[in-house]
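Structure file coords-v3.cif; described as mmCIF, C-alpha atoms.
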data_structure
loop_
_atom_site.label_atom_id
_atom_site.label_comp_id
_atom_site.auth_asym_id
_atom_site.auth_seq_id
_atom_site.Cartn_x
_atom_site.Cartn_y
_atom_site.Cartn_z
CA MET Y 117 3.71 -28.55 -30.19
CA THR Y 118 2.59 -25.87 -27.72
CA PRO Y 119 3.84 -22.39 -28.68
CA PRO Y 120 5.98 -20.62 -26.08
CA GLU Y 121 4.27 -18.11 -23.83
CA PRO Y 122 5.03 -14.41 -24.27
CA ALA Y 123 7.87 -13.30 -22.00
CA ALA Y 124 5.56 -10.94 -20.15
CA THR Y 125 3.04 -13.67 -19.31
CA ARG Y 126 4.12 -16.96 -17.83
CA THR Y 127 2.60 -19.92 -16.02
CA LEU Y 128 4.07 -20.76 -12.65
CA PRO Y 129 4.61 -24.38 -11.64
CA SER Y 130 1.90 -25.74 -9.40
CA ALA Y 131 2.41 -24.84 -5.77
CA SER Y 132 2.95 -27.78 -3.45
CA GLY Y 133 3.11 -27.63 0.32
CA ARG Y 134 3.40 -24.38 2.21
CA PRO Y 135 4.60 -21.24 0.45
CA ALA Y 136 8.20 -20.19 1.08
CA ILE Y 137 6.82 -16.96 2.57
CA ALA Y 138 4.71 -17.89 5.56
CA ALA Y 139 1.51 -16.11 6.48
CA ALA Y 140 3.04 -15.46 9.89
CA ASP Y 141 5.61 -13.15 8.23
CA ILE Y 142 2.97 -11.03 6.47
CA CYS Y 143 1.27 -8.05 8.09
CA ALA Y 144 -1.77 -6.55 6.39
CA VAL Y 145 -1.96 -2.75 6.44
CA ILE Y 146 -5.36 -1.08 6.06
CA VAL Y 147 -5.88 2.68 5.93
CA THR Y 148 -9.38 3.81 6.91
CA TYR Y 149 -11.26 7.07 6.64
CA ALA Y 150 -14.95 7.12 7.59
CA PRO Y 151 -15.30 3.43 6.67
CA GLU Y 152 -18.62 1.66 6.23
CA PRO Y 153 -18.69 -0.54 9.38
CA ASP Y 154 -20.27 -3.57 7.72
CA LEU Y 155 -17.90 -3.42 4.75
CA LEU Y 156 -14.87 -3.01 7.01
CA THR Y 157 -16.02 -6.10 8.90
CA GLN Y 158 -16.10 -8.04 5.62
CA VAL Y 159 -12.62 -6.79 4.74
CA LEU Y 160 -11.17 -7.83 8.08
CA ASP Y 161 -12.93 -11.19 8.02
CA SER Y 162 -11.43 -11.87 4.61
CA VAL Y 163 -7.85 -10.88 5.46
CA GLN Y 164 -7.31 -11.91 9.09
CA PRO Y 165 -7.18 -15.68 8.51
CA GLN Y 166 -4.61 -15.16 5.74
CA VAL Y 167 -1.95 -13.07 7.53
CA GLY Y 168 -0.06 -12.94 10.81
CA HIS Y 169 -1.35 -9.55 11.93
CA VAL Y 170 -3.40 -6.56 10.75
CA VAL Y 171 -2.48 -2.92 11.33
CA VAL Y 172 -5.38 -0.50 10.84
CA PHE Y 173 -4.40 3.15 10.50
CA ASP Y 174 -7.46 5.32 10.97
CA ASN Y 175 -6.81 8.58 9.17
CA GLY Y 176 -8.79 10.95 11.38
CA SER Y 177 -12.29 9.59 10.66
CA PRO Y 178 -14.74 12.32 11.72
CA GLY Y 179 -17.32 11.33 14.31
CA MET Y 180 -16.13 7.71 14.46
CA ASP Y 181 -14.07 5.66 16.89
CA VAL Y 182 -12.70 2.96 14.63
CA ALA Y 183 -10.46 1.61 17.38
CA ALA Y 184 -13.44 1.00 19.66
CA GLY Y 185 -15.26 -0.87 16.92
CA LEU Y 186 -12.32 -3.23 16.45
CA SER Y 187 -11.41 -3.67 20.11
CA GLY Y 188 -12.69 -7.24 20.25
CA ARG Y 189 -10.49 -8.53 17.43
CA ALA Y 190 -7.30 -10.42 18.20
CA ALA Y 191 -4.11 -9.77 16.20
CA VAL Y 192 -5.34 -6.33 15.11
CA SER Y 193 -3.48 -3.12 15.99
CA VAL Y 194 -5.20 0.22 15.48
CA VAL Y 195 -3.24 3.43 15.02
CA ALA Y 196 -5.59 6.40 15.42
CA SER Y 197 -4.55 9.68 13.87
CA ALA Y 198 -6.07 12.89 15.22
CA SER Y 199 -6.28 14.31 11.68
CA ASN Y 200 -6.12 13.23 8.06
CA VAL Y 201 -2.40 13.04 7.30
CA GLY Y 202 -2.94 11.79 3.75
CA LEU Y 203 -2.90 8.29 2.33
CA ALA Y 204 0.84 8.18 1.69
CA ALA Y 205 1.78 9.22 5.23
CA ALA Y 206 -0.81 6.83 6.67
CA LEU Y 207 0.66 3.92 4.71
CA ASN Y 208 4.18 4.83 5.79
CA ARG Y 209 3.20 5.03 9.47
CA ALA Y 210 1.35 1.70 9.29
CA ILE Y 211 4.31 0.06 7.53
CA GLU Y 212 6.57 1.37 10.28
CA ARG Y 213 4.31 -0.32 12.85
CA ALA Y 214 4.47 -3.60 10.89
CA ARG Y 215 8.27 -3.35 10.81
CA ALA Y 216 8.39 -2.67 14.55
CA LEU Y 217 6.29 -5.79 15.13
CA GLY Y 218 8.93 -7.85 13.33
CA PHE Y 219 7.21 -8.64 10.04
CA GLY Y 220 9.16 -9.01 6.80
CA HIS Y 221 6.33 -8.41 4.32
CA VAL Y 222 3.35 -6.09 4.14
CA LEU Y 223 0.06 -6.51 2.31
CA LEU Y 224 -1.28 -3.04 1.53
CA MET Y 225 -5.07 -2.75 1.51
CA ASP Y 226 -7.88 -0.25 1.05
CA GLN Y 227 -10.85 -0.25 3.40
CA ASP Y 228 -13.18 -1.61 0.71
CA SER Y 229 -11.08 -4.51 -0.64
CA VAL Y 230 -12.50 -7.96 0.12
CA LEU Y 231 -10.03 -10.81 -0.46
CA ASP Y 232 -10.90 -14.15 -1.99
CA ALA Y 233 -9.94 -17.17 0.10
CA GLY Y 234 -6.29 -18.14 -0.37
CA MET Y 235 -5.33 -14.87 -2.10
CA VAL Y 236 -2.42 -14.06 0.18
CA ALA Y 237 -0.96 -17.59 0.03
CA THR Y 238 -1.16 -17.46 -3.77
CA LEU Y 239 0.64 -14.12 -3.84
CA ALA Y 240 3.26 -15.40 -1.40
CA GLN Y 241 3.94 -18.49 -3.49
CA ALA Y 242 4.25 -16.39 -6.65
CA LEU Y 243 6.57 -13.88 -4.96
CA ALA Y 244 8.83 -16.64 -3.69
CA THR Y 245 8.99 -18.34 -7.11
CA LEU Y 246 9.47 -15.17 -9.15
CA SER Y 247 12.12 -13.81 -6.80
CA GLN Y 248 14.34 -16.76 -7.74
CA GLN Y 249 14.53 -15.30 -11.26
CA GLY Y 250 15.36 -11.72 -10.23
CA PRO Y 251 14.45 -9.01 -7.73
CA VAL Y 252 10.69 -8.43 -7.43
CA ALA Y 253 9.40 -5.22 -5.86
CA ALA Y 254 5.80 -6.39 -5.46
CA VAL Y 255 3.16 -8.79 -6.64
CA GLY Y 256 -0.54 -7.99 -6.78
CA PRO Y 257 -3.85 -9.76 -7.34
CA GLN Y 258 -6.24 -9.42 -10.24
CA PHE Y 259 -9.08 -7.41 -8.77
CA VAL Y 260 -12.70 -7.70 -9.80
CA ASP Y 261 -14.74 -4.50 -9.75
CA ALA Y 262 -17.25 -4.96 -6.95
CA ARG Y 263 -19.93 -3.06 -8.92
CA SER Y 264 -19.56 -4.36 -12.45
CA GLY Y 265 -18.18 -7.82 -11.66
CA ARG Y 266 -15.53 -7.41 -14.36
CA PRO Y 267 -11.87 -8.26 -13.80
CA ALA Y 268 -9.27 -5.55 -14.31
CA PRO Y 269 -6.31 -6.10 -16.64
CA PHE Y 270 -2.63 -5.73 -15.80
CA VAL Y 271 -0.99 -2.90 -17.71
CA ARG Y 272 2.26 -2.62 -19.65
CA MET Y 273 2.89 0.86 -20.95
CA GLY Y 274 3.14 1.54 -24.66
CA PHE Y 275 2.55 4.28 -27.15
CA PRO Y 276 0.05 5.34 -28.27
CA LEU Y 277 -1.87 2.72 -26.28
CA ASN Y 278 -1.08 0.53 -23.29
CA ASP Y 279 -1.02 -3.25 -23.50
CA LYS Y 280 -3.78 -4.58 -21.23
CA ASP Y 281 -3.27 -8.22 -20.28
CA TYR Y 282 -5.95 -10.20 -18.43
CA GLY Y 283 -3.81 -13.32 -18.26
CA GLY Y 284 -5.41 -16.63 -17.36
CA PRO Y 285 -5.48 -19.40 -14.73
CA GLY Y 286 -2.05 -20.20 -13.34
CA GLN Y 287 -0.41 -17.22 -15.02
CA THR Y 288 1.57 -14.24 -13.82
CA VAL Y 289 1.83 -11.06 -15.85
CA SER Y 290 4.86 -8.78 -15.87
CA CYS Y 291 3.43 -5.27 -15.60
CA ASP Y 292 4.40 -1.64 -15.08
CA PHE Y 293 1.83 -0.77 -12.46
CA LEU Y 294 -0.01 -2.32 -9.51
CA ILE Y 295 -2.70 -0.59 -7.50
CA THR Y 296 -1.89 -0.14 -3.83
CA SER Y 297 -4.61 -2.41 -2.54
CA GLY Y 298 -3.62 -6.06 -2.56
CA SER Y 299 0.08 -5.44 -3.22
CA LEU Y 300 2.39 -7.79 -1.34
CA ILE Y 301 5.74 -6.09 -0.76
CA PRO Y 302 8.88 -7.30 1.04
CA LEU Y 303 10.16 -4.66 3.45
CA THR Y 304 13.60 -5.09 1.87
CA MET Y 305 12.12 -3.74 -1.35
CA LEU Y 306 10.61 -0.75 0.44
CA ASP Y 307 14.13 -0.10 1.74
CA ARG Y 308 15.42 -0.09 -1.84
CA VAL Y 309 12.63 1.90 -3.46
CA GLY Y 310 11.70 4.13 -0.54
CA GLY Y 311 8.33 4.67 1.07
CA MET Y 312 5.23 6.31 -0.34
CA ASP Y 313 5.69 9.95 -1.38
CA GLU Y 314 3.92 11.93 1.32
CA SER Y 315 4.05 15.15 -0.70
CA LEU Y 316 1.43 13.67 -3.07
CA PHE Y 317 -0.97 13.24 -0.11
CA ILE Y 318 -3.48 11.09 -2.03
CA ASP Y 319 -3.84 9.76 -5.62
CA ASN Y 320 -1.08 8.61 -7.97
CA ILE Y 321 0.89 7.42 -4.94
CA ASP Y 322 0.95 3.82 -6.14
CA MET Y 323 1.87 4.92 -9.66
CA ASP Y 324 4.83 6.95 -8.38
CA TRP Y 325 6.06 4.03 -6.25
CA CYS Y 326 5.80 1.61 -9.16
CA PHE Y 327 7.66 4.03 -11.43
CA ARG Y 328 10.47 4.26 -8.87
CA ALA Y 329 10.57 0.49 -8.47
CA LYS Y 330 10.86 -0.11 -12.21
CA ALA Y 331 13.50 2.63 -12.53
CA ALA Y 332 15.51 0.78 -9.87
CA GLY Y 333 15.47 -2.37 -12.02
CA LEU Y 334 12.88 -4.22 -9.97
CA ALA Y 335 10.00 -6.24 -11.39
CA LEU Y 336 6.26 -6.03 -10.77
CA TYR Y 337 3.91 -8.95 -11.38
CA GLY Y 338 0.18 -9.48 -11.43
CA VAL Y 339 -0.93 -12.90 -10.22
CA CYS Y 340 -4.08 -14.05 -11.98
CA ASP Y 341 -4.99 -16.80 -9.50
CA ALA Y 342 -4.96 -14.28 -6.63
CA GLN Y 343 -8.17 -12.29 -6.67
CA MET Y 344 -10.11 -9.74 -4.63
CA HIS Y 345 -13.14 -7.52 -5.03
CA HIS Y 346 -12.41 -3.81 -5.02
CA ARG Y 347 -14.00 -0.48 -5.92
CA ILE Y 348 -12.25 2.32 -7.82
CA GLY Y 349 -13.76 5.79 -7.38
CA GLU Y 350 -17.12 6.69 -5.88
CA GLN Y 351 -19.29 5.64 -8.83
CA LEU Y 352 -19.08 3.54 -11.98
CA ARG Y 353 -21.23 4.92 -14.82
CA ALA Y 354 -22.13 3.11 -18.00
CA SER Y 355 -20.46 4.42 -21.13
CA ARG Y 356 -20.85 3.87 -24.86
CA VAL Y 357 -17.14 4.49 -25.31
CA LYS Y 358 -15.57 2.46 -22.49
CA ARG Y 359 -16.69 -1.14 -22.14
CA ASP Y 360 -15.90 -1.24 -18.42
CA GLY Y 361 -17.70 2.03 -17.71
CA VAL Y 362 -16.43 5.41 -16.50
CA VAL Y 363 -15.06 5.80 -12.98
CA VAL Y 364 -16.42 8.94 -11.30
CA HIS Y 365 -14.49 10.63 -8.48
CA LYS Y 366 -15.60 13.32 -6.07
CA PRO Y 367 -14.57 16.85 -7.09
CA PHE Y 368 -11.89 17.21 -4.41
CA ARG Y 369 -10.24 13.99 -5.63
CA LEU Y 370 -10.05 15.48 -9.11
CA TYR Y 371 -7.82 18.20 -7.67
CA TYR Y 372 -5.24 15.62 -6.56
CA ILE Y 373 -5.60 13.47 -9.67
CA MET Y 374 -4.83 16.43 -11.91
CA ARG Y 375 -2.19 18.05 -9.72
CA ASN Y 376 -0.23 14.91 -8.97
CA ARG Y 377 0.00 13.71 -12.56
CA VAL Y 378 1.56 17.08 -13.44
CA LEU Y 379 3.94 16.74 -10.49
CA LEU Y 380 5.02 13.31 -11.79
CA TYR Y 381 5.75 14.46 -15.36
CA PRO Y 382 9.24 15.92 -14.77
CA ARG Y 383 10.50 13.24 -12.37
CA ALA Y 384 13.45 11.16 -13.54
CA SER Y 385 11.73 7.90 -12.59
CA THR Y 386 8.59 8.68 -14.60
CA PRO Y 387 8.66 6.90 -17.99
CA ARG Y 388 8.54 9.34 -20.89
CA VAL Y 389 6.12 7.04 -22.70
CA TRP Y 390 3.64 7.45 -19.84
CA VAL Y 391 3.92 11.25 -20.01
CA ALA Y 392 3.35 11.19 -23.78
CA GLN Y 393 0.17 9.13 -23.50
CA ASP Y 394 -1.09 10.80 -20.32
CA LEU Y 395 -1.19 14.31 -21.74
CA PRO Y 396 -4.08 13.54 -24.11
CA ARG Y 397 -5.74 11.55 -21.30
CA LEU Y 398 -5.52 14.65 -19.13
CA VAL Y 399 -7.31 16.69 -21.79
CA LEU Y 400 -10.04 14.05 -22.20
CA LYS Y 401 -10.56 13.90 -18.44
CA LEU Y 402 -10.82 17.67 -18.28
CA ILE Y 403 -13.41 17.75 -21.08
CA GLY Y 404 -15.35 14.73 -19.87
CA ASN Y 405 -15.71 15.91 -16.28
CA GLY Y 406 -16.17 19.56 -17.21
CA LEU Y 407 -18.89 18.99 -19.80
CA PHE Y 408 -20.70 15.74 -19.04
CA ILE Y 409 -20.58 14.94 -15.31
CA ALA Y 410 -22.50 17.12 -12.85
CA PRO Y 411 -21.77 19.31 -11.01
CA ARG Y 412 -19.77 20.34 -14.06
CA TRP Y 413 -18.61 23.79 -12.98
CA ILE Y 414 -17.42 22.58 -9.57
CA ARG Y 415 -15.58 19.64 -11.10
CA LEU Y 416 -13.93 21.88 -13.69
CA ARG Y 417 -12.89 24.36 -11.01
CA PHE Y 418 -11.22 21.68 -8.87
CA MET Y 419 -9.40 20.23 -11.89
CA CYS Y 420 -8.11 23.61 -13.08
CA ARG Y 421 -6.97 24.44 -9.59
CA GLY Y 422 -5.11 21.14 -9.42
CA LEU Y 423 -3.44 21.73 -12.78
CA TRP Y 424 -2.34 25.21 -11.74
CA ASP Y 425 -0.88 23.97 -8.45
CA GLY Y 426 0.85 21.14 -10.30
CA VAL Y 427 2.47 23.56 -12.73
CA ARG Y 428 3.61 25.67 -9.76
CA GLY Y 429 5.03 22.57 -8.05
CA ARG Y 430 2.72 22.85 -5.06
CA SER Y 431 2.30 19.60 -3.12
CA GLY Y 432 0.87 18.40 0.19
CA PRO Y 433 -2.79 18.69 1.22
CA MET Y 434 -5.08 20.81 -0.92
CA PRO Y 435 -5.11 24.37 0.43
CA ALA Y 436 -8.42 25.70 1.67
CA PRO Y 437 -10.37 27.63 -0.97
#

As structure tokens, what does this structure read like?
Amino acid sequence: MTPPEPAATRTLPSASGRPAIAAADICAVIVTYAPEPDLLTQVLDSVQPQVGHVVVFDNGSPGMDVAAGLSGRAAVSVVASASNVGLAAALNRAIERARALGFGHVLLMDQDSVLDAGMVATLAQALATLSQQGPVAAVGPQFVDARSGRPAPFVRMGFPLNDKDYGGPGQTVSCDFLITSGSLIPLTMLDRVGGMDESLFIDNIDMDWCFRAKAAGLALYGVCDAQMHHRIGEQLRASRVKRDGVVVHKPFRLYYIMRNRVLLYPRASTPRVWVAQDLPRLVLKLIGNGLFIAPRWIRLRFMCRGLWDGVRGRSGPMPAP
């Protein structure tokens, strides 16, 4: 007798025929900032055949005309911003364009995420099936780190440690968090949860949205058969402590990472268990970046500045030094 599957991990019935959510009703949204042209070409080549349209929001790329580089592509709309308005605002503006074009679902994407063939159809089938059991805010793929080749787990929060579930073929995993890139979201759910928080500007935006979705009683699922290749951070360094390596961010990103986590702590939608486990993680990140990753003093300065602004409740773009 086969033992029952854990409630958080389940195997969907095999998909037959077309998914209930058609590709023609899905608009991919890609935010760019100084993209690598060849990589952006790969991204677009991987997503265009899988969706009805692509909206590219170029977030003020310096010295580049992204729109001109994509002018020959059909079913691609480019929104060019004169300045960097932040990731959250860029996503919101691109989603507004998708809504105006008449689409019912958006696939949020980063400029370095390359989709496996059939990823969107797999997500669409899972979303349609899971939505019959209750309201689903979003489904997301299992991404493989483009540098290490290792798959990322889906996370359910716990204390003192999270439960990291890699799932398996044919399975979906109920989770508490999905990264922005690859998330398939019905616009009706964005109406219920709200858009991305523009005050955060960049970093922790997806975490805040997922927290709000869960607080509203909506589910999030990772779909193991849907996969893409993606990069987190600017570098991935080997580590004796972390099997998957240490993600290294640029110093200015550390400002937002530190500030925005502090801004999330007091929010009603933020789970208390996440705050309890994130506080020691904050300390470890401060020590690790300040002592072991060059340029140490610059990294420490950006992190301390972010923490101070977070405590003061300061949001928006990082003020000039």

Tell me, as a CSV table (one decimal) with C-alpha atoms, in the coordinates of the input, which residues lie within 9 Å of Glu152 (chain Y), counting all atoms listed in the file; anything in the same chain fewer than 3 positions away does not count.
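The result, written out as selection-v8.csv:
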chain,number,residue,atom,x,y,z
Y,155,LEU,CA,-17.9,-3.4,4.8
Y,156,LEU,CA,-14.9,-3.0,7.0
Y,157,THR,CA,-16.0,-6.1,8.9
Y,227,GLN,CA,-10.8,-0.2,3.4
Y,228,ASP,CA,-13.2,-1.6,0.7

Q. What does the distance from CA of Val309 (chain Y) to CA of Thr386 (chain Y) come to in Å, to one decimal?
A. 13.7 Å

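Once the PyMOL selection byres ((chain Y and resi 417) around 12) is applied to the shown structure, the selection contains Pro367, Phe368, Arg369, Leu370, Tyr371, Met374, Leu402, Asn405, Gly406, Leu407, Pro411, Arg412, Trp413, Ile414, Arg415, Leu416, Phe418, Met419, Cys420, Arg421, Gly422, Leu423, Trp424 and Pro437 of chain Y.
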
Generate the output file for the selected residues, C-alpha atoms, as a compact mmCIF listing (two decimals), in the coordinates of the input.
# COMPACT_ATOMS: atom_id res chain seq x y z
CA PRO Y 367 -14.57 16.85 -7.09
CA PHE Y 368 -11.89 17.21 -4.41
CA ARG Y 369 -10.24 13.99 -5.63
CA LEU Y 370 -10.05 15.48 -9.11
CA TYR Y 371 -7.82 18.20 -7.67
CA MET Y 374 -4.83 16.43 -11.91
CA LEU Y 402 -10.82 17.67 -18.28
CA ASN Y 405 -15.71 15.91 -16.28
CA GLY Y 406 -16.17 19.56 -17.21
CA LEU Y 407 -18.89 18.99 -19.80
CA PRO Y 411 -21.77 19.31 -11.01
CA ARG Y 412 -19.77 20.34 -14.06
CA TRP Y 413 -18.61 23.79 -12.98
CA ILE Y 414 -17.42 22.58 -9.57
CA ARG Y 415 -15.58 19.64 -11.10
CA LEU Y 416 -13.93 21.88 -13.69
CA PHE Y 418 -11.22 21.68 -8.87
CA MET Y 419 -9.40 20.23 -11.89
CA CYS Y 420 -8.11 23.61 -13.08
CA ARG Y 421 -6.97 24.44 -9.59
CA GLY Y 422 -5.11 21.14 -9.42
CA LEU Y 423 -3.44 21.73 -12.78
CA TRP Y 424 -2.34 25.21 -11.74
CA PRO Y 437 -10.37 27.63 -0.97

Q.
On this structure, the PyMOL selection byres ((chain Y and resi 326-343) around 8) would catch which residues? List them as a ChimeraX atom specification, sorted by chain and number.
A. /Y:231-232,234-236,238-239,242,250-260,270,282-294,309,322-325,344-345,385-387

Using C-alpha atoms, can you write the selected residues to a file as an mmCIF file, in the frame of the given file?
data_model
loop_
_atom_site.group_PDB
_atom_site.id
_atom_site.type_symbol
_atom_site.label_atom_id
_atom_site.label_comp_id
_atom_site.auth_asym_id
_atom_site.auth_seq_id
_atom_site.Cartn_x
_atom_site.Cartn_y
_atom_site.Cartn_z
ATOM 1 C CA LEU Y 231 -10.030 -10.810 -0.460
ATOM 2 C CA ASP Y 232 -10.900 -14.150 -1.990
ATOM 3 C CA GLY Y 234 -6.290 -18.140 -0.370
ATOM 4 C CA MET Y 235 -5.330 -14.870 -2.100
ATOM 5 C CA VAL Y 236 -2.420 -14.060 0.180
ATOM 6 C CA THR Y 238 -1.160 -17.460 -3.770
ATOM 7 C CA LEU Y 239 0.640 -14.120 -3.840
ATOM 8 C CA ALA Y 242 4.250 -16.390 -6.650
ATOM 9 C CA GLY Y 250 15.360 -11.720 -10.230
ATOM 10 C CA PRO Y 251 14.450 -9.010 -7.730
ATOM 11 C CA VAL Y 252 10.690 -8.430 -7.430
ATOM 12 C CA ALA Y 253 9.400 -5.220 -5.860
ATOM 13 C CA ALA Y 254 5.800 -6.390 -5.460
ATOM 14 C CA VAL Y 255 3.160 -8.790 -6.640
ATOM 15 C CA GLY Y 256 -0.540 -7.990 -6.780
ATOM 16 C CA PRO Y 257 -3.850 -9.760 -7.340
ATOM 17 C CA GLN Y 258 -6.240 -9.420 -10.240
ATOM 18 C CA PHE Y 259 -9.080 -7.410 -8.770
ATOM 19 C CA VAL Y 260 -12.700 -7.700 -9.800
ATOM 20 C CA PHE Y 270 -2.630 -5.730 -15.800
ATOM 21 C CA TYR Y 282 -5.950 -10.200 -18.430
ATOM 22 C CA GLY Y 283 -3.810 -13.320 -18.260
ATOM 23 C CA GLY Y 284 -5.410 -16.630 -17.360
ATOM 24 C CA PRO Y 285 -5.480 -19.400 -14.730
ATOM 25 C CA GLY Y 286 -2.050 -20.200 -13.340
ATOM 26 C CA GLN Y 287 -0.410 -17.220 -15.020
ATOM 27 C CA THR Y 288 1.570 -14.240 -13.820
ATOM 28 C CA VAL Y 289 1.830 -11.060 -15.850
ATOM 29 C CA SER Y 290 4.860 -8.780 -15.870
ATOM 30 C CA CYS Y 291 3.430 -5.270 -15.600
ATOM 31 C CA ASP Y 292 4.400 -1.640 -15.080
ATOM 32 C CA PHE Y 293 1.830 -0.770 -12.460
ATOM 33 C CA LEU Y 294 -0.010 -2.320 -9.510
ATOM 34 C CA VAL Y 309 12.630 1.900 -3.460
ATOM 35 C CA ASP Y 322 0.950 3.820 -6.140
ATOM 36 C CA MET Y 323 1.870 4.920 -9.660
ATOM 37 C CA ASP Y 324 4.830 6.950 -8.380
ATOM 38 C CA TRP Y 325 6.060 4.030 -6.250
ATOM 39 C CA MET Y 344 -10.110 -9.740 -4.630
ATOM 40 C CA HIS Y 345 -13.140 -7.520 -5.030
ATOM 41 C CA SER Y 385 11.730 7.900 -12.590
ATOM 42 C CA THR Y 386 8.590 8.680 -14.600
ATOM 43 C CA PRO Y 387 8.660 6.900 -17.990
#

Q. What is the CA of Pro276 (chain Y) to CA of Asp394 (chain Y) distance in Å?
A. 9.7 Å

Check which residues satisfy the PyMOL selection byres ((chain Y and resi 213-220) around 12) in the file shown, then give them as a short mmCIF file (atom, residue, chain, number, x, y, z; two decimals) with C-alpha atoms, in the coordinates of the input.
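selection05.cif written:
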data_model
loop_
_atom_site.label_atom_id
_atom_site.label_comp_id
_atom_site.auth_asym_id
_atom_site.auth_seq_id
_atom_site.Cartn_x
_atom_site.Cartn_y
_atom_site.Cartn_z
CA ILE Y 137 6.82 -16.96 2.57
CA ALA Y 138 4.71 -17.89 5.56
CA ALA Y 139 1.51 -16.11 6.48
CA ALA Y 140 3.04 -15.46 9.89
CA ASP Y 141 5.61 -13.15 8.23
CA ILE Y 142 2.97 -11.03 6.47
CA CYS Y 143 1.27 -8.05 8.09
CA ALA Y 144 -1.77 -6.55 6.39
CA VAL Y 145 -1.96 -2.75 6.44
CA ILE Y 146 -5.36 -1.08 6.06
CA VAL Y 167 -1.95 -13.07 7.53
CA GLY Y 168 -0.06 -12.94 10.81
CA HIS Y 169 -1.35 -9.55 11.93
CA VAL Y 170 -3.40 -6.56 10.75
CA VAL Y 171 -2.48 -2.92 11.33
CA VAL Y 172 -5.38 -0.50 10.84
CA PHE Y 173 -4.40 3.15 10.50
CA ALA Y 191 -4.11 -9.77 16.20
CA VAL Y 192 -5.34 -6.33 15.11
CA SER Y 193 -3.48 -3.12 15.99
CA VAL Y 194 -5.20 0.22 15.48
CA VAL Y 195 -3.24 3.43 15.02
CA ALA Y 206 -0.81 6.83 6.67
CA LEU Y 207 0.66 3.92 4.71
CA ASN Y 208 4.18 4.83 5.79
CA ARG Y 209 3.20 5.03 9.47
CA ALA Y 210 1.35 1.70 9.29
CA ILE Y 211 4.31 0.06 7.53
CA GLU Y 212 6.57 1.37 10.28
CA HIS Y 221 6.33 -8.41 4.32
CA VAL Y 222 3.35 -6.09 4.14
CA LEU Y 223 0.06 -6.51 2.31
CA LEU Y 224 -1.28 -3.04 1.53
CA ALA Y 240 3.26 -15.40 -1.40
CA LEU Y 300 2.39 -7.79 -1.34
CA ILE Y 301 5.74 -6.09 -0.76
CA PRO Y 302 8.88 -7.30 1.04
CA LEU Y 303 10.16 -4.66 3.45
CA THR Y 304 13.60 -5.09 1.87
CA MET Y 305 12.12 -3.74 -1.35
CA LEU Y 306 10.61 -0.75 0.44
CA ASP Y 307 14.13 -0.10 1.74
#

I'd like the contact shell of Met273 (chain Y) - 8 Å cut-off, only C-alpha atoms, skipping same-chain residues fewer than 5 positions apart - returned as an mmCIF file with C-alpha atoms, in the coordinates of the input.
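File selection_2.cif, as written:
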data_model
loop_
_atom_site.group_PDB
_atom_site.id
_atom_site.type_symbol
_atom_site.label_atom_id
_atom_site.label_comp_id
_atom_site.auth_asym_id
_atom_site.auth_seq_id
_atom_site.Cartn_x
_atom_site.Cartn_y
_atom_site.Cartn_z
ATOM 1 C CA ASN Y 278 -1.080 0.530 -23.290
ATOM 2 C CA ASP Y 279 -1.020 -3.250 -23.500
ATOM 3 C CA ASP Y 292 4.400 -1.640 -15.080
ATOM 4 C CA VAL Y 389 6.120 7.040 -22.700
ATOM 5 C CA TRP Y 390 3.640 7.450 -19.840
#

Per-axis box centre and lengths in Å around region 324-335 of chain Y, 8 Å margin per side, axis-aligned, as AutoDock Vina command-line options:
--center_x 10.2 --center_y 0.4 --center_z -9.4 --size_x 26.7 --size_y 29.2 --size_z 22.3

Q. What does the distance between CA of Ala392 (chain Y) and CA of Phe275 (chain Y) come to in Å, to one decimal place?
A. 7.7 Å

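By chain and then residue number, the residues within 8 Å of Gly202 (chain Y) are Asn175, Glu314, Phe317, Ile318 and Pro433 of chain Y, counting only C-alpha atoms and disregarding those fewer than 6 positions away in sequence.
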
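Comparing Y:Leu379, Y:Ala262, Y:Ile373, Y:Leu277 by their smallest distance to Ile348 (chain Y), the closest is Y:Ala262 (using only C-alpha atoms).
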
Subset file as an mmCIF file, in the first residue's frame: region 375-381 of chain Y, N, CA and C atoms:
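To be explicit, this is the file written out as selection.cif:
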data_model
loop_
_atom_site.group_PDB
_atom_site.id
_atom_site.type_symbol
_atom_site.label_atom_id
_atom_site.label_comp_id
_atom_site.auth_asym_id
_atom_site.auth_seq_id
_atom_site.Cartn_x
_atom_site.Cartn_y
_atom_site.Cartn_z
ATOM 1 N N ARG Y 375 17.594 47.289 4.569
ATOM 2 C CA ARG Y 375 16.545 48.247 4.914
ATOM 3 C C ARG Y 375 15.159 47.633 4.795
ATOM 4 N N ASN Y 376 14.911 46.940 3.684
ATOM 5 C CA ASN Y 376 13.557 46.465 3.427
ATOM 6 C C ASN Y 376 13.129 45.340 4.363
ATOM 7 N N ARG Y 377 14.075 44.507 4.811
ATOM 8 C CA ARG Y 377 13.675 43.474 5.769
ATOM 9 C C ARG Y 377 13.237 44.131 7.075
ATOM 10 N N VAL Y 378 13.915 45.210 7.473
ATOM 11 C CA VAL Y 378 13.513 45.923 8.690
ATOM 12 C C VAL Y 378 12.149 46.594 8.493
ATOM 13 N N LEU Y 379 11.899 47.125 7.291
ATOM 14 C CA LEU Y 379 10.605 47.726 7.011
ATOM 15 C C LEU Y 379 9.478 46.691 7.054
ATOM 16 N N LEU Y 380 9.783 45.448 6.701
ATOM 17 C CA LEU Y 380 8.753 44.398 6.703
ATOM 18 C C LEU Y 380 8.429 43.895 8.104
ATOM 19 N N TYR Y 381 9.367 43.982 9.038
ATOM 20 C CA TYR Y 381 9.174 43.387 10.363
ATOM 21 C C TYR Y 381 7.864 43.791 11.028
#
